[in-house]
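Step one of this worksheet: look at the structure below.
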Amino acid sequence: MDISNAIAIVSGGASGLGNAVARRVIAEGGRVAILDVNEEQGTNAAAELGNRAIFIQTDVSDEQQVNDAVATAADTFGGVTFCVNCAGILGAGRVLGREGPMPGEYFAKVIQVNLIGTFLLSKAAANQMQNNEPNEEGERGVIVNTASVAAFEGQVGQAAYSASKAGVAGMGLPLAREFSRIGVRVNTVAPGIFLTPMMESMPEHIQDSLASQVPFPSRLGRPEEFADLVVYLYGNVMLNAETIRQDGAIRMQPK
Ligand SMILES: NC(=O)c1ccc[n+]([C@@H]2O[C@H](COP(=O)([O-])OP(=O)(O)OC[C@H]3O[C@@H](n4cnc5c(N)ncnc54)[C@H](O)[C@@H]3O)[C@@H](O)[C@H]2O)c1
């Protein structure tokens, strides 16, 4: 797929990794619909990107809102060829915390946003993509989902987050298998630690400690490096149903 013609939907595109993807798609000549729950940041992000970008306020955990947003993006740009799921929440907390056991509702909320939100948008995007004319390889679209290294080595306090991200990684193969019929590839990126507002919200000594745990390069990842990989996944037709760790070889410790 050629990124310069891409019509992308980027959830979580108002901030961090999703925003870097939106910027990169625009820089490559494509068009972008930013889907995000944060109205102010989303509006500003789209305005900064110019007239090939729109913002559609969307809560990815709400099926109707997701379906409506994909329809609006497709109506505005004449289709959808690229779906990047970056919306997510940290949802940290011990199962047996100081304030008592974690309420099931809290766990469910993290799953609802990170996992079910990714499912809902992937489904709505694939449903739209199946209407596209295939390219010479038979491709109609590409989906990239964002897991985390916490899908594989979740730390204490990450039971909900890790479960949600392991679900995202696990869903990749069955989605790719099913969507092979319509020429839509599905890949997953599992980032290590990237310097985004999500990470900047943590105290600096924790950020420094995390950076020092990355074997090489011993620093936090840059959102542009994530965007670079996501755009590569769009272009390489042989990459399908893959989960790629992008983590400088970090393996998270128990705490
Ligand atoms: N930054 C990292 O180190 C890191 C590492 C591994 C995985 N990730 C994952 O990457 C993704 C992006 O993270 P980030 O670091 O850019 O975070 P971020 O907080 O900077 O951006 C997340 C965006 O998602 C939006 N969002 C949250 N809930 C939403 C909802 N229900 N509907 C629509 N939008 C919603 C937020 O408004 C925000 O704009 C997340 O899924 C996160 O779990 C990040």
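So you can find residues: chains in the structure tokens are A, B, ... in the order shown, residues in each start at 1, and ligands are numbered from 1 in order.
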Closest-contact table, chain A side, partner ligand 1, 9 Å, counting only C-alpha atoms and all ligand atoms, as a Markdown table:
| residue | atom | partner | partner_atom_place_in_ligand_line | distance |
| --- | --- | --- | --- | --- |
| A:Ser11 | CA | ligand 1 | 34 (N) | 6.0 |
| A:Gly12 | CA | ligand 1 | 24 (O) | 3.5 |
| A:Gly13 | CA | ligand 1 | 39 (O) | 5.9 |
| A:Ala14 | CA | ligand 1 | 39 (O) | 4.4 |
| A:Ser15 | CA | ligand 1 | 39 (O) | 4.2 |
| A:Gly16 | CA | ligand 1 | 16 (O) | 3.3 |
| A:Leu17 | CA | ligand 1 | 16 (O) | 3.8 |
| A:Gly18 | CA | ligand 1 | 16 (O) | 5.7 |
| A:Asn19 | CA | ligand 1 | 16 (O) | 7.3 |
| A:Ala20 | CA | ligand 1 | 16 (O) | 8.4 |
| A:Leu35 | CA | ligand 1 | 33 (C) | 6.2 |
| A:Asp36 | CA | ligand 1 | 34 (N) | 3.8 |
| A:Val37 | CA | ligand 1 | 33 (C) | 4.1 |
| A:Asn38 | CA | ligand 1 | 37 (O) | 4.6 |
| A:Glu39 | CA | ligand 1 | 37 (O) | 8.3 |
| A:Gln41 | CA | ligand 1 | 39 (O) | 7.3 |
| A:Gly42 | CA | ligand 1 | 39 (O) | 7.4 |
| A:Gln57 | CA | ligand 1 | 33 (C) | 7.7 |
| A:Thr58 | CA | ligand 1 | 33 (C) | 5.5 |
| A:Asp59 | CA | ligand 1 | 32 (N) | 3.5 |
| A:Val60 | CA | ligand 1 | 32 (N) | 4.0 |
| A:Ser61 | CA | ligand 1 | 31 (N) | 5.3 |
| A:Asp62 | CA | ligand 1 | 31 (N) | 7.9 |
| A:Asn85 | CA | ligand 1 | 41 (O) | 7.3 |
| A:Cys86 | CA | ligand 1 | 11 (C) | 4.3 |
| A:Ala87 | CA | ligand 1 | 24 (O) | 3.5 |
| A:Gly88 | CA | ligand 1 | 41 (O) | 3.6 |
| A:Ile89 | CA | ligand 1 | 27 (C) | 5.4 |
| A:Leu90 | CA | ligand 1 | 43 (O) | 6.0 |
| A:Gln112 | CA | ligand 1 | 31 (N) | 8.1 |
| A:Val113 | CA | ligand 1 | 31 (N) | 5.0 |
| A:Asn114 | CA | ligand 1 | 41 (O) | 6.3 |
| A:Gly117 | CA | ligand 1 | 31 (N) | 7.1 |
| A:Thr118 | CA | ligand 1 | 41 (O) | 9.0 |
| A:Asn145 | CA | ligand 1 | 41 (O) | 8.4 |
| A:Thr146 | CA | ligand 1 | 41 (O) | 5.6 |
| A:Ala147 | CA | ligand 1 | 7 (C) | 5.7 |
| A:Ser148 | CA | ligand 1 | 6 (C) | 4.0 |
| A:Val149 | CA | ligand 1 | 6 (C) | 6.3 |
| A:Ala150 | CA | ligand 1 | 6 (C) | 7.2 |
| A:Tyr161 | CA | ligand 1 | 43 (O) | 7.8 |
| A:Lys165 | CA | ligand 1 | 43 (O) | 7.6 |
| A:Val189 | CA | ligand 1 | 7 (C) | 8.4 |
| A:Ala190 | CA | ligand 1 | 6 (C) | 6.2 |
| A:Pro191 | CA | ligand 1 | 6 (C) | 4.4 |
| A:Gly192 | CA | ligand 1 | 5 (C) | 5.1 |
| A:Ile193 | CA | ligand 1 | 3 (O) | 3.5 |
| A:Phe194 | CA | ligand 1 | 3 (O) | 3.7 |
| A:Leu195 | CA | ligand 1 | 1 (N) | 5.8 |
| A:Thr196 | CA | ligand 1 | 15 (O) | 4.7 |
| A:Pro197 | CA | ligand 1 | 20 (O) | 4.3 |
| A:Met198 | CA | ligand 1 | 19 (O) | 4.1 |
| A:Met199 | CA | ligand 1 | 1 (N) | 5.5 |
| A:Glu200 | CA | ligand 1 | 20 (O) | 8.6 |
| A:Ser201 | CA | ligand 1 | 19 (O) | 8.9 |
| A:Leu220 | CA | ligand 1 | 3 (O) | 7.8 |
| A:Gly221 | CA | ligand 1 | 3 (O) | 7.5 |
| A:Pro223 | CA | ligand 1 | 16 (O) | 7.7 |
| A:Asp247 | CA | ligand 1 | 5 (C) | 8.8 |
### Spatial neighbours of stretch 177-180 of chain A, max dist 10 Å, only C-alpha atoms, sep filter under 2 positions, as a PyMOL selection string
chain A and resi 123+126-127+130+138-142+172-175+182-186+240-241
Q) At what distance in Å, to one decimal, does atom CA of A:Val25 lie from atom CA of A:Ala71? A)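 Interatomic distance, atom CA of A:Ala71 to atom CA of A:Val25: 19.9 Å.
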If we count only C-alpha atoms and set the cut-off at 7 Å, which residues sit around stretch 206-218 of chain A, ignoring sequence neighbours fewer than 2 positions away in its own chain? Please answer as a PyMOL selection string. chain A and resi 202-204+220+248-250
Can you list, as a ChimeraX atom specification, all residues belonging to stretch 45-202 of chain A that DSSP tags as strand (DSSP E or B)? /A:53-57,82-85,96-97,100-101,141-146,184-191,194
Take the residues that were just selected and, keeping N, CA, C and O atoms, output them as an mmCIF file, in the first residue's frame.
data_model
loop_
_atom_site.group_PDB
_atom_site.id
_atom_site.type_symbol
_atom_site.label_atom_id
_atom_site.label_comp_id
_atom_site.auth_asym_id
_atom_site.auth_seq_id
_atom_site.Cartn_x
_atom_site.Cartn_y
_atom_site.Cartn_z
ATOM 1 N N ALA A 53 -6.593 16.853 7.309
ATOM 2 C CA ALA A 53 -6.878 16.177 8.588
ATOM 3 C C ALA A 53 -8.212 16.661 9.149
ATOM 4 O O ALA A 53 -8.571 17.831 8.998
ATOM 5 N N ILE A 54 -8.940 15.743 9.758
ATOM 6 C CA ILE A 54 -10.153 16.127 10.490
ATOM 7 C C ILE A 54 -10.109 15.483 11.865
ATOM 8 O O ILE A 54 -9.402 14.482 12.079
ATOM 9 N N PHE A 55 -10.877 16.069 12.776
ATOM 10 C CA PHE A 55 -11.027 15.477 14.106
ATOM 11 C C PHE A 55 -12.470 15.044 14.282
ATOM 12 O O PHE A 55 -13.394 15.807 13.972
ATOM 13 N N ILE A 56 -12.653 13.830 14.775
ATOM 14 C CA ILE A 56 -13.999 13.346 15.086
ATOM 15 C C ILE A 56 -13.975 12.883 16.536
ATOM 16 O O ILE A 56 -13.316 11.875 16.859
ATOM 17 N N GLN A 57 -14.660 13.620 17.391
ATOM 18 C CA GLN A 57 -14.628 13.234 18.803
ATOM 19 C C GLN A 57 -15.311 11.874 18.965
ATOM 20 O O GLN A 57 -16.468 11.691 18.563
ATOM 21 N N PHE A 82 -6.506 2.775 5.990
ATOM 22 C CA PHE A 82 -5.510 2.540 7.045
ATOM 23 C C PHE A 82 -6.189 2.820 8.380
ATOM 24 O O PHE A 82 -6.811 3.882 8.546
ATOM 25 N N CYS A 83 -6.089 1.874 9.299
ATOM 26 C CA CYS A 83 -6.681 2.058 10.625
ATOM 27 C C CYS A 83 -5.595 1.795 11.665
ATOM 28 O O CYS A 83 -5.016 0.707 11.705
ATOM 29 N N VAL A 84 -5.323 2.796 12.479
ATOM 30 C CA VAL A 84 -4.279 2.665 13.502
ATOM 31 C C VAL A 84 -4.920 2.894 14.865
ATOM 32 O O VAL A 84 -5.440 3.970 15.148
ATOM 33 N N ASN A 85 -4.887 1.868 15.681
ATOM 34 C CA ASN A 85 -5.480 1.946 17.013
ATOM 35 C C ASN A 85 -4.425 2.328 18.042
ATOM 36 O O ASN A 85 -3.571 1.497 18.398
ATOM 37 N N LEU A 96 -4.770 -6.360 44.959
ATOM 38 C CA LEU A 96 -5.023 -6.214 46.387
ATOM 39 C C LEU A 96 -4.315 -4.940 46.841
ATOM 40 O O LEU A 96 -3.193 -4.978 47.338
ATOM 41 N N GLY A 97 -4.949 -3.825 46.596
ATOM 42 C CA GLY A 97 -4.306 -2.538 46.853
ATOM 43 C C GLY A 97 -4.491 -2.074 48.289
ATOM 44 O O GLY A 97 -5.198 -2.703 49.075
ATOM 45 N N GLY A 100 -7.932 -1.564 49.336
ATOM 46 C CA GLY A 100 -8.778 -2.749 49.254
ATOM 47 C C GLY A 100 -8.667 -3.389 47.887
ATOM 48 O O GLY A 100 -7.968 -2.881 47.013
ATOM 49 N N PRO A 101 -9.358 -4.516 47.709
ATOM 50 C CA PRO A 101 -9.280 -5.231 46.427
ATOM 51 C C PRO A 101 -9.802 -4.378 45.256
ATOM 52 O O PRO A 101 -10.720 -3.580 45.439
ATOM 53 N N GLY A 141 -6.705 -2.724 2.478
ATOM 54 C CA GLY A 141 -6.484 -1.901 3.669
ATOM 55 C C GLY A 141 -5.523 -2.561 4.635
ATOM 56 O O GLY A 141 -5.163 -3.735 4.482
ATOM 57 N N VAL A 142 -5.115 -1.774 5.613
ATOM 58 C CA VAL A 142 -4.172 -2.256 6.630
ATOM 59 C C VAL A 142 -4.635 -1.744 7.996
ATOM 60 O O VAL A 142 -5.032 -0.586 8.132
ATOM 61 N N ILE A 143 -4.558 -2.641 8.966
ATOM 62 C CA ILE A 143 -4.874 -2.274 10.352
ATOM 63 C C ILE A 143 -3.618 -2.490 11.194
ATOM 64 O O ILE A 143 -2.955 -3.527 11.062
ATOM 65 N N VAL A 144 -3.285 -1.505 12.010
ATOM 66 C CA VAL A 144 -2.180 -1.671 12.959
ATOM 67 C C VAL A 144 -2.720 -1.394 14.364
ATOM 68 O O VAL A 144 -3.286 -0.317 14.624
ATOM 69 N N ASN A 145 -2.563 -2.363 15.223
ATOM 70 C CA ASN A 145 -3.016 -2.223 16.609
ATOM 71 C C ASN A 145 -1.824 -2.027 17.547
ATOM 72 O O ASN A 145 -0.722 -2.493 17.257
ATOM 73 N N THR A 146 -2.081 -1.373 18.666
ATOM 74 C CA THR A 146 -0.998 -1.101 19.606
ATOM 75 C C THR A 146 -1.192 -1.928 20.874
ATOM 76 O O THR A 146 -2.161 -1.723 21.616
ATOM 77 N N VAL A 184 -7.215 -7.419 3.679
ATOM 78 C CA VAL A 184 -6.869 -6.460 4.743
ATOM 79 C C VAL A 184 -5.885 -7.133 5.698
ATOM 80 O O VAL A 184 -6.171 -8.198 6.246
ATOM 81 N N ARG A 185 -4.702 -6.532 5.847
ATOM 82 C CA ARG A 185 -3.701 -7.075 6.773
ATOM 83 C C ARG A 185 -3.864 -6.477 8.159
ATOM 84 O O ARG A 185 -4.325 -5.337 8.305
ATOM 85 N N VAL A 186 -3.476 -7.263 9.176
ATOM 86 C CA VAL A 186 -3.557 -6.796 10.565
ATOM 87 C C VAL A 186 -2.231 -7.076 11.252
ATOM 88 O O VAL A 186 -1.790 -8.233 11.323
ATOM 89 N N ASN A 187 -1.574 -6.050 11.720
ATOM 90 C CA ASN A 187 -0.334 -6.216 12.476
ATOM 91 C C ASN A 187 -0.442 -5.487 13.810
ATOM 92 O O ASN A 187 -1.287 -4.602 13.979
ATOM 93 N N THR A 188 0.428 -5.878 14.723
ATOM 94 C CA THR A 188 0.409 -5.308 16.070
ATOM 95 C C THR A 188 1.813 -4.833 16.427
ATOM 96 O O THR A 188 2.788 -5.542 16.155
ATOM 97 N N VAL A 189 1.886 -3.654 17.018
ATOM 98 C CA VAL A 189 3.159 -3.188 17.560
ATOM 99 C C VAL A 189 3.062 -3.248 19.081
ATOM 100 O O VAL A 189 2.054 -2.831 19.665
ATOM 101 N N ALA A 190 4.097 -3.798 19.703
ATOM 102 C CA ALA A 190 4.160 -3.843 21.169
ATOM 103 C C ALA A 190 5.299 -2.923 21.610
ATOM 104 O O ALA A 190 6.462 -3.340 21.656
ATOM 105 N N PRO A 191 4.971 -1.652 21.885
ATOM 106 C CA PRO A 191 6.045 -0.724 22.262
ATOM 107 C C PRO A 191 6.589 -1.039 23.650
ATOM 108 O O PRO A 191 5.873 -1.546 24.526
ATOM 109 N N PHE A 194 7.978 4.611 25.633
ATOM 110 C CA PHE A 194 8.108 5.773 24.751
ATOM 111 C C PHE A 194 7.754 7.039 25.515
ATOM 112 O O PHE A 194 6.850 7.027 26.363
#
Report as a PDB file with C-alpha atoms, in the first residue's frame: the residues of stretch 107-242 of chain A with a DSSP assignment of alpha helix (DSSP H), based on the backbone of this structure.
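So the final result, stored in states11.pdb, reads:
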ATOM      1  CA  PHE A 107     -10.656  -3.915  35.502  1.00  0.00           C
ATOM      2  CA  ALA A 108     -13.567  -3.972  33.054  1.00  0.00           C
ATOM      3  CA  LYS A 109     -13.086  -0.293  32.140  1.00  0.00           C
ATOM      4  CA  VAL A 110      -9.462  -0.923  31.099  1.00  0.00           C
ATOM      5  CA  GLY A 117     -12.143  -0.272  21.743  1.00  0.00           C
ATOM      6  CA  THR A 118      -9.461  -1.752  19.491  1.00  0.00           C
ATOM      7  CA  PHE A 119     -11.819  -4.502  18.403  1.00  0.00           C
ATOM      8  CA  LEU A 120     -14.687  -2.101  17.649  1.00  0.00           C
ATOM      9  CA  LEU A 121     -12.588   0.208  15.503  1.00  0.00           C
ATOM     10  CA  SER A 122     -10.820  -2.642  13.695  1.00  0.00           C
ATOM     11  CA  LYS A 123     -14.202  -4.174  12.886  1.00  0.00           C
ATOM     12  CA  ALA A 124     -15.769  -0.928  11.665  1.00  0.00           C
ATOM     13  CA  ALA A 125     -12.681  -0.064   9.611  1.00  0.00           C
ATOM     14  CA  ALA A 126     -12.489  -3.515   7.986  1.00  0.00           C
ATOM     15  CA  ASN A 127     -16.190  -3.334   7.200  1.00  0.00           C
ATOM     16  CA  GLN A 128     -15.522  -0.056   5.386  1.00  0.00           C
ATOM     17  CA  MET A 129     -12.283  -1.239   3.737  1.00  0.00           C
ATOM     18  CA  ALA A 159      -3.000  -7.030  35.721  1.00  0.00           C
ATOM     19  CA  ALA A 160      -5.759  -5.107  33.926  1.00  0.00           C
ATOM     20  CA  TYR A 161      -3.482  -3.310  31.454  1.00  0.00           C
ATOM     21  CA  SER A 162      -1.523  -6.468  30.606  1.00  0.00           C
ATOM     22  CA  ALA A 163      -4.701  -8.479  30.135  1.00  0.00           C
ATOM     23  CA  SER A 164      -6.045  -5.816  27.769  1.00  0.00           C
ATOM     24  CA  LYS A 165      -2.827  -5.679  25.752  1.00  0.00           C
ATOM     25  CA  ALA A 166      -2.403  -9.463  25.620  1.00  0.00           C
ATOM     26  CA  GLY A 167      -5.937  -9.506  24.204  1.00  0.00           C
ATOM     27  CA  VAL A 168      -4.931  -7.017  21.514  1.00  0.00           C
ATOM     28  CA  ALA A 169      -1.901  -9.138  20.579  1.00  0.00           C
ATOM     29  CA  GLY A 170      -3.959 -12.339  20.626  1.00  0.00           C
ATOM     30  CA  MET A 171      -6.646 -10.929  18.377  1.00  0.00           C
ATOM     31  CA  GLY A 172      -4.162 -10.110  15.593  1.00  0.00           C
ATOM     32  CA  LEU A 173      -3.873 -13.579  14.058  1.00  0.00           C
ATOM     33  CA  PRO A 174      -7.582 -14.460  13.922  1.00  0.00           C
ATOM     34  CA  LEU A 175      -8.397 -11.014  12.511  1.00  0.00           C
ATOM     35  CA  ALA A 176      -5.655 -11.322   9.884  1.00  0.00           C
ATOM     36  CA  ARG A 177      -6.847 -14.800   8.977  1.00  0.00           C
ATOM     37  CA  GLU A 178     -10.444 -13.683   8.619  1.00  0.00           C
ATOM     38  CA  PHE A 179      -9.664 -10.465   6.743  1.00  0.00           C
ATOM     39  CA  PRO A 197       2.249  12.426  27.764  1.00  0.00           C
ATOM     40  CA  MET A 198       1.244   9.027  29.224  1.00  0.00           C
ATOM     41  CA  MET A 199       4.842   8.539  30.369  1.00  0.00           C
ATOM     42  CA  GLU A 200       5.476  12.210  31.160  1.00  0.00           C
ATOM     43  CA  GLU A 204      11.006  11.947  36.543  1.00  0.00           C
ATOM     44  CA  HIS A 205      12.969   9.503  38.721  1.00  0.00           C
ATOM     45  CA  ILE A 206      10.705   6.694  37.504  1.00  0.00           C
ATOM     46  CA  GLN A 207      11.225   7.775  33.875  1.00  0.00           C
ATOM     47  CA  ASP A 208      15.006   7.795  34.443  1.00  0.00           C
ATOM     48  CA  SER A 209      14.903   4.395  36.086  1.00  0.00           C
ATOM     49  CA  LEU A 210      12.876   2.991  33.185  1.00  0.00           C
ATOM     50  CA  ALA A 211      15.271   4.476  30.621  1.00  0.00           C
ATOM     51  CA  SER A 212      18.253   2.912  32.387  1.00  0.00           C
ATOM     52  CA  PRO A 223       7.035   8.723  19.157  1.00  0.00           C
ATOM     53  CA  GLU A 224       8.424   9.345  15.635  1.00  0.00           C
ATOM     54  CA  GLU A 225      10.181   5.967  15.838  1.00  0.00           C
ATOM     55  CA  PHE A 226       6.850   4.301  16.527  1.00  0.00           C
ATOM     56  CA  ALA A 227       5.240   6.192  13.627  1.00  0.00           C
ATOM     57  CA  ASP A 228       8.070   5.078  11.356  1.00  0.00           C
ATOM     58  CA  LEU A 229       7.323   1.411  12.091  1.00  0.00           C
ATOM     59  CA  VAL A 230       3.566   1.846  11.710  1.00  0.00           C
ATOM     60  CA  VAL A 231       3.995   3.452   8.298  1.00  0.00           C
ATOM     61  CA  TYR A 232       6.413   0.697   7.273  1.00  0.00           C
ATOM     62  CA  LEU A 233       3.781  -1.900   8.191  1.00  0.00           C
ATOM     63  CA  TYR A 234       1.370  -0.144   5.848  1.00  0.00           C
ATOM     64  CA  GLY A 235       3.730  -0.522   2.920  1.00  0.00           C
TER      65      GLY A 235
END
#### Entry: Coordinates-based distance that separates atom CA of A:Gln158 from atom CA of A:Glu99 (Å, one decimal)
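Between atom CA of A:Glu99 and atom CA of A:Gln158 the gap works out to 16.4 Å.
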Next item on the list: Determine the nearest neighbour of A:Thr76 from the options A:Ala45, A:Glu28, A:Phe152, A:Ile9, counting only C-alpha atoms.
Entry: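 Ranked by minimum distance to A:Thr76, first place goes to A:Ile9.
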> Taking only C-alpha atoms into account, which of A:Arg251, A:Asp68, A:Met238, A:Ile34 comes nearest A:Glu137?
Replying inline: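 Comparing A:Arg251, A:Asp68, A:Met238, A:Ile34 against A:Glu137, the winner is A:Met238.
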Quick check, in Å to one decimal: how far apart do atom CA of A:Arg222 and atom CA of A:Gln155 lie?
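About the pair atom CA of A:Arg222 and atom CA of A:Gln155: they are 22.2 Å apart.
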